[in-house]
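Peer 1: Structure supplied as start-v4.cif; contents: mmCIF, C-alpha atoms.
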data_target
loop_
_atom_site.group_PDB
_atom_site.id
_atom_site.type_symbol
_atom_site.label_atom_id
_atom_site.label_comp_id
_atom_site.auth_asym_id
_atom_site.auth_seq_id
_atom_site.Cartn_x
_atom_site.Cartn_y
_atom_site.Cartn_z
ATOM 1 C CA MET A 1 111.839 92.026 112.983
ATOM 2 C CA GLU A 2 110.316 93.556 116.114
ATOM 3 C CA ASP A 3 109.052 91.160 118.781
ATOM 4 C CA ILE A 4 105.471 92.330 118.286
ATOM 5 C CA ASP A 5 105.714 91.570 114.556
ATOM 6 C CA ALA A 6 107.201 88.136 115.219
ATOM 7 C CA ILE A 7 104.416 87.225 117.641
ATOM 8 C CA ALA A 8 101.795 88.558 115.215
ATOM 9 C CA VAL A 9 102.946 85.914 112.723
ATOM 10 C CA LEU A 10 101.293 83.308 114.975
ATOM 11 C CA GLN A 11 97.851 84.796 114.389
ATOM 12 C CA ASP A 12 97.423 82.519 111.380
ATOM 13 C CA PRO A 13 95.874 79.297 112.764
ATOM 14 C CA VAL A 14 97.801 76.958 110.433
ATOM 15 C CA ARG A 15 101.065 78.705 111.225
ATOM 16 C CA ARG A 16 100.289 78.469 114.935
ATOM 17 C CA ARG A 17 99.612 74.716 114.691
ATOM 18 C CA LEU A 18 102.848 74.124 112.824
ATOM 19 C CA TYR A 19 104.835 76.150 115.347
ATOM 20 C CA GLU A 20 103.289 74.330 118.298
ATOM 21 C CA TYR A 21 103.917 70.954 116.664
ATOM 22 C CA VAL A 22 107.610 71.668 116.030
ATOM 23 C CA VAL A 23 108.081 73.022 119.564
ATOM 24 C CA ALA A 24 106.372 69.991 121.127
ATOM 25 C CA GLN A 25 108.771 67.523 119.480
ATOM 26 C CA GLY A 26 111.894 68.945 121.123
ATOM 27 C CA ARG A 27 114.025 67.994 118.087
ATOM 28 C CA GLU A 28 114.488 68.762 114.403
ATOM 29 C CA VAL A 29 111.314 68.262 112.374
ATOM 30 C CA GLY A 30 111.089 67.843 108.611
ATOM 31 C CA ARG A 31 108.439 69.374 106.374
ATOM 32 C CA ASN A 32 106.587 66.118 105.754
ATOM 33 C CA GLU A 33 106.310 65.320 109.455
ATOM 34 C CA ALA A 34 105.226 68.865 110.327
ATOM 35 C CA ALA A 35 102.591 68.833 107.585
ATOM 36 C CA GLU A 36 101.188 65.535 108.820
ATOM 37 C CA GLY A 37 101.269 66.691 112.427
ATOM 38 C CA ALA A 38 99.365 69.873 111.615
ATOM 39 C CA GLY A 39 97.018 68.196 109.149
ATOM 40 C CA VAL A 40 97.926 70.325 106.116
ATOM 41 C CA ALA A 41 99.505 69.807 102.718
ATOM 42 C CA ARG A 42 103.303 69.712 102.501
ATOM 43 C CA THR A 43 103.532 72.744 100.205
ATOM 44 C CA LEU A 44 101.409 74.818 102.584
ATOM 45 C CA ALA A 45 103.462 73.610 105.553
ATOM 46 C CA ALA A 46 106.702 74.533 103.789
ATOM 47 C CA HIS A 47 105.442 78.059 103.139
ATOM 48 C CA HIS A 48 104.414 78.635 106.755
ATOM 49 C CA LEU A 49 107.514 76.994 108.237
ATOM 50 C CA ASP A 50 109.723 79.293 106.199
ATOM 51 C CA ARG A 51 107.607 82.258 107.281
ATOM 52 C CA LEU A 52 108.101 81.263 110.914
ATOM 53 C CA THR A 53 111.834 81.040 110.264
ATOM 54 C CA GLU A 54 111.896 84.506 108.698
ATOM 55 C CA ALA A 55 110.111 85.837 111.789
ATOM 56 C CA GLY A 56 112.786 84.347 114.041
ATOM 57 C CA LEU A 57 110.416 81.921 115.754
ATOM 58 C CA LEU A 58 112.002 78.814 114.209
ATOM 59 C CA GLU A 59 115.512 77.961 113.064
ATOM 60 C CA SER A 60 116.099 75.870 109.957
ATOM 61 C CA GLY A 61 118.851 73.597 108.721
ATOM 62 C CA SER A 62 119.221 70.556 106.518
ATOM 63 C CA ARG A 63 120.087 66.914 107.054
ATOM 64 C CA ARG A 64 119.314 63.527 105.585
ATOM 65 C CA LEU A 65 116.230 62.082 107.245
ATOM 66 C CA THR A 66 116.910 58.519 106.058
ATOM 67 C CA GLY A 67 119.715 57.988 108.567
ATOM 68 C CA ARG A 68 121.995 56.875 105.708
ATOM 69 C CA SER A 69 124.954 58.585 104.052
ATOM 70 C CA GLY A 70 126.802 58.249 100.777
ATOM 71 C CA PRO A 71 125.396 57.401 97.325
ATOM 72 C CA GLY A 72 121.713 56.585 97.348
ATOM 73 C CA ALA A 73 121.082 58.248 100.685
ATOM 74 C CA GLY A 74 118.997 60.975 99.095
ATOM 75 C CA ARG A 75 119.264 64.741 99.272
ATOM 76 C CA PRO A 76 119.349 66.540 102.621
ATOM 77 C CA ALA A 77 115.910 67.727 103.690
ATOM 78 C CA LYS A 78 115.055 71.004 105.369
ATOM 79 C CA VAL A 79 114.396 70.667 109.098
ATOM 80 C CA TYR A 80 113.140 73.077 111.745
ATOM 81 C CA THR A 81 113.540 73.595 115.488
ATOM 82 C CA ARG A 82 112.394 76.304 117.878
ATOM 83 C CA ALA A 83 114.585 79.384 117.773
ATOM 84 C CA ARG A 84 116.771 80.029 120.812
ATOM 85 C CA ALA A 85 115.881 83.733 120.904
ATOM 86 C CA GLU A 86 113.095 84.878 123.214
ATOM 87 C CA HIS A 87 110.261 87.187 122.185
ATOM 88 C CA ALA A 88 108.200 89.264 124.565
ATOM 89 C CA VAL A 89 105.801 92.160 124.179
ATOM 90 C CA SER A 90 104.782 94.653 126.860
ATOM 91 C CA LEU A 91 102.658 97.725 126.268
ATOM 92 C CA PRO A 92 103.803 100.123 127.565
ATOM 93 C CA ALA A 93 107.407 98.912 127.622
ATOM 94 C CA ARG A 94 108.558 97.162 130.787
ATOM 95 C CA ASP A 95 111.932 95.649 131.685
ATOM 96 C CA TYR A 96 111.250 92.972 134.278
ATOM 97 C CA ARG A 97 114.233 90.919 133.121
ATOM 98 C CA THR A 98 116.740 93.560 134.198
ATOM 99 C CA ALA A 99 114.981 93.906 137.543
ATOM 100 C CA ALA A 100 115.081 90.123 138.020
ATOM 101 C CA GLU A 101 118.777 89.991 137.172
ATOM 102 C CA LEU A 102 119.577 92.805 139.615
ATOM 103 C CA LEU A 103 117.570 91.178 142.396
ATOM 104 C CA ALA A 104 119.135 87.771 141.740
ATOM 105 C CA GLY A 105 122.617 89.269 141.781
ATOM 106 C CA ALA A 106 121.930 91.054 145.064
ATOM 107 C CA ALA A 107 120.428 87.925 146.641
ATOM 108 C CA GLU A 108 123.415 85.835 145.606
ATOM 109 C CA SER A 109 125.923 88.401 146.882
ATOM 110 C CA ALA A 110 124.102 88.654 150.207
ATOM 111 C CA GLY A 111 123.856 84.880 150.624
ATOM 112 C CA LEU A 112 120.064 84.923 150.600
ATOM 113 C CA ASP A 113 119.677 81.616 148.754
ATOM 114 C CA LEU A 114 117.792 79.871 151.549
ATOM 115 C CA ALA A 115 115.467 82.813 152.115
ATOM 116 C CA LEU A 116 114.674 82.983 148.389
ATOM 117 C CA HIS A 117 114.049 79.254 148.190
ATOM 118 C CA GLU A 118 111.729 79.356 151.182
ATOM 119 C CA ALA A 119 109.798 82.233 149.620
ATOM 120 C CA ALA A 120 109.533 80.242 146.381
ATOM 121 C CA ARG A 121 108.228 77.205 148.259
ATOM 122 C CA ARG A 122 105.561 79.307 149.938
ATOM 123 C CA ARG A 123 104.558 80.748 146.561
ATOM 124 C CA GLY A 124 104.209 77.246 145.137
ATOM 125 C CA GLU A 125 102.028 76.226 148.092
ATOM 126 C CA ALA A 126 99.900 79.337 147.574
ATOM 127 C CA LEU A 127 99.444 78.443 143.897
ATOM 128 C CA ARG A 128 98.333 74.925 144.908
ATOM 129 C CA GLY A 129 95.938 76.341 147.452
ATOM 130 C CA ALA A 130 94.203 74.066 149.936
ATOM 131 C CA GLY A 131 94.351 71.075 147.610
ATOM 132 C CA ALA A 132 96.179 67.848 148.401
ATOM 133 C CA PRO A 133 99.654 67.179 146.978
ATOM 134 C CA CYS A 134 99.780 66.296 143.292
ATOM 135 C CA GLY A 135 98.208 62.859 142.820
ATOM 136 C CA ASP A 136 100.236 61.404 139.957
ATOM 137 C CA LEU A 137 102.487 62.248 137.011
ATOM 138 C CA ASP A 138 99.523 62.957 134.725
ATOM 139 C CA GLN A 139 98.285 65.632 137.099
ATOM 140 C CA ALA A 140 101.824 66.965 137.389
ATOM 141 C CA MET A 141 101.903 67.341 133.605
ATOM 142 C CA GLU A 142 98.724 69.431 133.718
ATOM 143 C CA LEU A 143 100.011 71.682 136.488
ATOM 144 C CA LEU A 144 103.383 72.184 134.813
ATOM 145 C CA ALA A 145 101.819 72.895 131.412
ATOM 146 C CA ALA A 146 99.648 75.589 132.985
ATOM 147 C CA ARG A 147 102.819 77.245 134.334
ATOM 148 C CA GLY A 148 104.557 77.256 130.930
ATOM 149 C CA TYR A 149 107.089 74.473 131.553
ATOM 150 C CA GLU A 150 106.162 72.462 128.414
ATOM 151 C CA PRO A 151 106.300 69.068 130.164
ATOM 152 C CA TYR A 152 106.623 65.716 128.415
ATOM 153 C CA ALA A 153 106.418 62.175 129.716
ATOM 154 C CA VAL A 154 109.494 59.968 129.969
ATOM 155 C CA ARG A 155 109.047 56.217 129.699
ATOM 156 C CA ALA A 156 111.413 53.372 130.485
ATOM 157 C CA GLU A 157 113.520 52.347 127.473
ATOM 158 C CA ASP A 158 112.423 48.716 127.793
ATOM 159 C CA ASP A 159 108.745 49.712 127.989
ATOM 160 C CA ALA A 160 108.589 52.679 125.630
ATOM 161 C CA ASP A 161 105.299 51.587 124.042
ATOM 162 C CA SER A 162 103.330 51.424 127.283
ATOM 163 C CA GLY A 163 101.233 54.337 128.474
ATOM 164 C CA ALA A 164 102.911 54.509 131.882
ATOM 165 C CA ALA A 165 105.253 57.449 132.402
ATOM 166 C CA THR A 166 108.199 57.004 134.745
ATOM 167 C CA ALA A 167 109.037 60.712 134.996
ATOM 168 C CA VAL A 168 108.148 64.136 133.651
ATOM 169 C CA ARG A 169 110.733 66.470 132.131
ATOM 170 C CA MET A 170 110.245 70.002 130.867
ATOM 171 C CA ARG A 171 111.428 71.534 127.619
ATOM 172 C CA ASN A 172 111.036 75.099 128.856
ATOM 173 C CA CYS A 173 112.313 76.936 131.906
ATOM 174 C CA PRO A 174 110.215 80.061 132.563
ATOM 175 C CA PHE A 175 113.241 81.576 134.329
ATOM 176 C CA HIS A 176 115.766 80.656 131.627
ATOM 177 C CA ALA A 177 117.338 84.085 131.070
ATOM 178 C CA VAL A 178 118.073 84.649 134.768
ATOM 179 C CA ALA A 179 118.949 80.997 135.401
ATOM 180 C CA GLU A 180 121.735 81.231 132.820
ATOM 181 C CA GLN A 181 123.441 83.951 134.868
ATOM 182 C CA PHE A 182 122.687 82.624 138.360
ATOM 183 C CA PRO A 183 122.158 78.848 137.980
ATOM 184 C CA PRO A 184 122.476 77.646 141.615
ATOM 185 C CA LEU A 185 120.292 80.453 142.939
ATOM 186 C CA VAL A 186 117.563 80.295 140.314
ATOM 187 C CA CYS A 187 117.532 76.523 139.826
ATOM 188 C CA GLY A 188 117.177 76.114 143.582
ATOM 189 C CA MET A 189 114.361 78.660 143.549
ATOM 190 C CA ASN A 190 112.676 76.780 140.698
ATOM 191 C CA LEU A 191 112.923 73.467 142.557
ATOM 192 C CA ALA A 192 111.481 75.000 145.733
ATOM 193 C CA LEU A 193 108.606 76.552 143.762
ATOM 194 C CA LEU A 194 107.722 73.187 142.221
ATOM 195 C CA GLU A 195 108.041 71.407 145.557
ATOM 196 C CA GLY A 196 105.458 73.807 146.923
ATOM 197 C CA LEU A 197 103.227 73.450 143.873
ATOM 198 C CA LEU A 198 103.357 69.634 143.671
ATOM 199 C CA GLY A 199 103.890 68.840 147.337
ATOM 200 C CA THR A 200 106.709 66.896 148.971
ATOM 201 C CA ASP A 201 104.721 64.250 150.836
ATOM 202 C CA GLY A 202 102.581 62.893 148.001
ATOM 203 C CA PRO A 203 102.972 60.359 145.158
ATOM 204 C CA VAL A 204 105.344 62.564 143.117
ATOM 205 C CA ARG A 205 108.496 64.485 143.911
ATOM 206 C CA ALA A 206 110.639 67.063 142.142
ATOM 207 C CA ARG A 207 114.428 67.016 142.152
ATOM 208 C CA LEU A 208 117.278 68.751 140.343
ATOM 209 C CA ASP A 209 118.646 66.915 137.304
ATOM 210 C CA ALA A 210 119.892 69.458 134.777
ATOM 211 C CA ARG A 211 120.016 68.621 131.073
ATOM 212 C CA PRO A 212 121.184 70.923 128.260
ATOM 213 C CA GLY A 213 118.328 72.879 126.712
ATOM 214 C CA GLU A 214 115.735 71.802 129.296
ATOM 215 C CA CYS A 215 114.462 72.797 132.718
ATOM 216 C CA CYS A 216 116.795 71.775 135.548
ATOM 217 C CA VAL A 217 114.039 69.917 137.434
ATOM 218 C CA VAL A 218 112.642 66.435 136.819
ATOM 219 C CA VAL A 219 109.439 65.149 138.432
ATOM 220 C CA GLU A 220 109.257 61.464 139.374
ATOM 221 C CA ALA A 221 107.074 59.060 141.309
ATOM 222 C CA SER A 222 108.081 59.090 144.971
ATOM 223 C CA LYS A 223 110.038 55.980 145.930
ATOM 224 C CA ASN A 224 108.012 55.522 149.084
ATOM 225 C CA ASN A 225 104.916 55.140 146.867
ATOM 226 C CA ASP A 226 106.396 52.486 144.601
ATOM 227 C CA ASN A 227 104.781 49.064 144.733
#
If you convert what's in this file into structure tokens, what do you get?

Peer 2:
Amino acid sequence: MEDIDAIAVLQDPVRRRLYEYVVAQGREVGRNEAAEGAGVARTLAAHHLDRLTEAGLLESGSRRLTGRSGPGAGRPAKVYTRARAEHAVSLPARDYRTAAELLAGAAESAGLDLALHEAARRRGEALRGAGAPCGDLDQAMELLAARGYEPYAVRAEDDADSGAATAVRMRNCPFHAVAEQFPPLVCGMNLALLEGLLGTDGPVRARLDARPGECCVVVEASKNNDN
């Protein structure tokens, strides 16, 4: 399926809600949970989830959702996660990814890491404008969501039910394709961009802490602002 056809599948509002719900969980999601999350019947959810899978926007598998195995554990249920493939549409056709990869390769070969990171920091500051540094983790979530990072709050394991976030992690890296080829260069650039966007002398700070399948940056409350 062409990228434009895959993206067109999301025009259906129910399908779009189901896709966004599955993506937001960051894990495998069963049909019953997806239906409840999107506020639709299970049979309708199953139809749209399979359509999203056919379009290449989701990947499906099966596992037992009871957490048990052996006799009496029940049949494996169908589960869904976001597909690893990327989809992009540009009319007329453009190839910015190749240009980014060439520029990143040249910058790395020439040892321009520091210059790139400084440019990224200035861009982040320009995006923030004249405003003060980011005020708290909630505001950081808003800023990161607007930039496509898909942030989610992390809470302490011994206080998971409280509303207080201890950090913000991101399920998406907007520079993923290039970061895979040039991780030190691009992850450093990403960190510098977010330092400029969020500020380095306010209540929150960004630092590198790579995790598989997520953005390499984590945002935390600054230690010098802890009570």

Peer 1: Please provide as a list of chain:residue names all residues within 10 Å of A:Val219, with the sequence filter that same-chain residues fewer than 6 positions apart are discarded (counting all atoms listed in the file).

Peer 2: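 Everything that qualifies: A:Leu137, A:Ala140, A:Met141, A:Leu144, A:Pro151, A:Ala153, A:Val154, A:Thr166, A:Ala167, A:Val168, A:Arg169, A:Met170, A:Leu191, A:Leu194, A:Glu195, A:Leu198, A:Val204, A:Arg205, A:Ala206, A:Arg207, A:Leu208, A:Asp209.
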
Peer 1: For A:Arg121, which residue out of A:Ile7, A:Ala179, A:Val23, A:Ala192 is the nearest one, using only C-alpha atoms?

Peer 2: A:Ala192

Peer 1: Can you turn the PyMOL selection byres ((chain A and resi 30) around 7) into a concrete residue list for this file, as a list in words?

Peer 2: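 That expression, the PyMOL selection byres ((chain A and resi 30) around 7), corresponds here to Glu28, Val29, Arg31, Asn32, Glu33, Ala34, Ala77, Lys78, Val79 and Tyr80 of chain A.
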
Peer 1: Return the padded bounding box of stretch 101-120 of chain A as lines of an AutoDock Vina configuration file: axis-aligned, built from all atoms listed in the file, 5 Å added on each side, with centre and edge lengths in Å to one decimal.

Peer 2:
center_x = 117.7
center_y = 86.0
center_z = 144.6
size_x = 26.4
size_y = 23.6
size_z = 24.9

Peer 1: Measuring between all atoms listed in the file, which one of A:Pro174, A:Pro92, A:Pro133, A:Pro212 shows the shortest distance to A:Ala145?

Peer 2: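 Going through A:Pro174, A:Pro92, A:Pro133, A:Pro212 one by one, the smallest distance to A:Ala145 is for A:Pro174.
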
Peer 1: Using the chain letters and numbers from the file, give me the residues hit by the PyMOL selection byres ((chain A and resi 132) around 12), as a list in words.

Peer 2: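 So the PyMOL selection byres ((chain A and resi 132) around 12), applied here, picks out Glu125, Leu127, Arg128, Gly129, Ala130, Gly131, Pro133, Cys134, Gly135, Asp136, Gln139, Gly196, Leu197, Leu198, Gly199, Thr200, Asp201, Gly202, Pro203 and Val204 of chain A.
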
Peer 1: Please provide as a PyMOL selection string all residues within 12 Å of A:Val178, with the sequence filter that same-chain residues fewer than 5 positions apart are discarded (counting all atoms listed in the file).

Peer 2: chain A and resi 96-105+173+183-187+189-190

Peer 1: How about saving the chosen residues, C-alpha atoms kept, as a PDB file, in the coordinates of the input?

Peer 2:
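Writing the result to again-v4.pdb gives the following:
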ATOM      1  CA  TYR A  96     111.250  92.972 134.278  1.00  0.00           C
ATOM      2  CA  ARG A  97     114.233  90.919 133.121  1.00  0.00           C
ATOM      3  CA  THR A  98     116.740  93.560 134.198  1.00  0.00           C
ATOM      4  CA  ALA A  99     114.981  93.906 137.543  1.00  0.00           C
ATOM      5  CA  ALA A 100     115.081  90.123 138.020  1.00  0.00           C
ATOM      6  CA  GLU A 101     118.777  89.991 137.172  1.00  0.00           C
ATOM      7  CA  LEU A 102     119.577  92.805 139.615  1.00  0.00           C
ATOM      8  CA  LEU A 103     117.570  91.178 142.396  1.00  0.00           C
ATOM      9  CA  ALA A 104     119.135  87.771 141.740  1.00  0.00           C
ATOM     10  CA  GLY A 105     122.617  89.269 141.781  1.00  0.00           C
ATOM     11  CA  CYS A 173     112.313  76.936 131.906  1.00  0.00           C
ATOM     12  CA  PRO A 183     122.158  78.848 137.980  1.00  0.00           C
ATOM     13  CA  PRO A 184     122.476  77.646 141.615  1.00  0.00           C
ATOM     14  CA  LEU A 185     120.292  80.453 142.939  1.00  0.00           C
ATOM     15  CA  VAL A 186     117.563  80.295 140.314  1.00  0.00           C
ATOM     16  CA  CYS A 187     117.532  76.523 139.826  1.00  0.00           C
ATOM     17  CA  MET A 189     114.361  78.660 143.549  1.00  0.00           C
ATOM     18  CA  ASN A 190     112.676  76.780 140.698  1.00  0.00           C
TER      19      ASN A 190
END

Peer 1: State, in Å with one decimal place, the distance from atom CA of A:His87 to atom CA of A:Asp3.

Peer 2: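 Computing the Euclidean distance for atom CA of A:His87 and atom CA of A:Asp3 yields 5.4 Å.
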
Peer 1: What does the structure give for the distance between atom CA of A:Arg122 and atom CA of A:Val89, in Å to one decimal?

Peer 2: 28.8 Å

Peer 1: What is the atom CA of A:Arg17 to atom CA of A:Val217 distance in Å?

Peer 2: 27.4 Å

Peer 1: So which one's closest to A:His117, A:Tyr152, A:Leu193, A:Asp5, A:His48? Using only C-alpha atoms, please.

Peer 2: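 Of A:Tyr152, A:Leu193, A:Asp5, A:His48, the one nearest A:His117, counting only C-alpha atoms, is A:Leu193.
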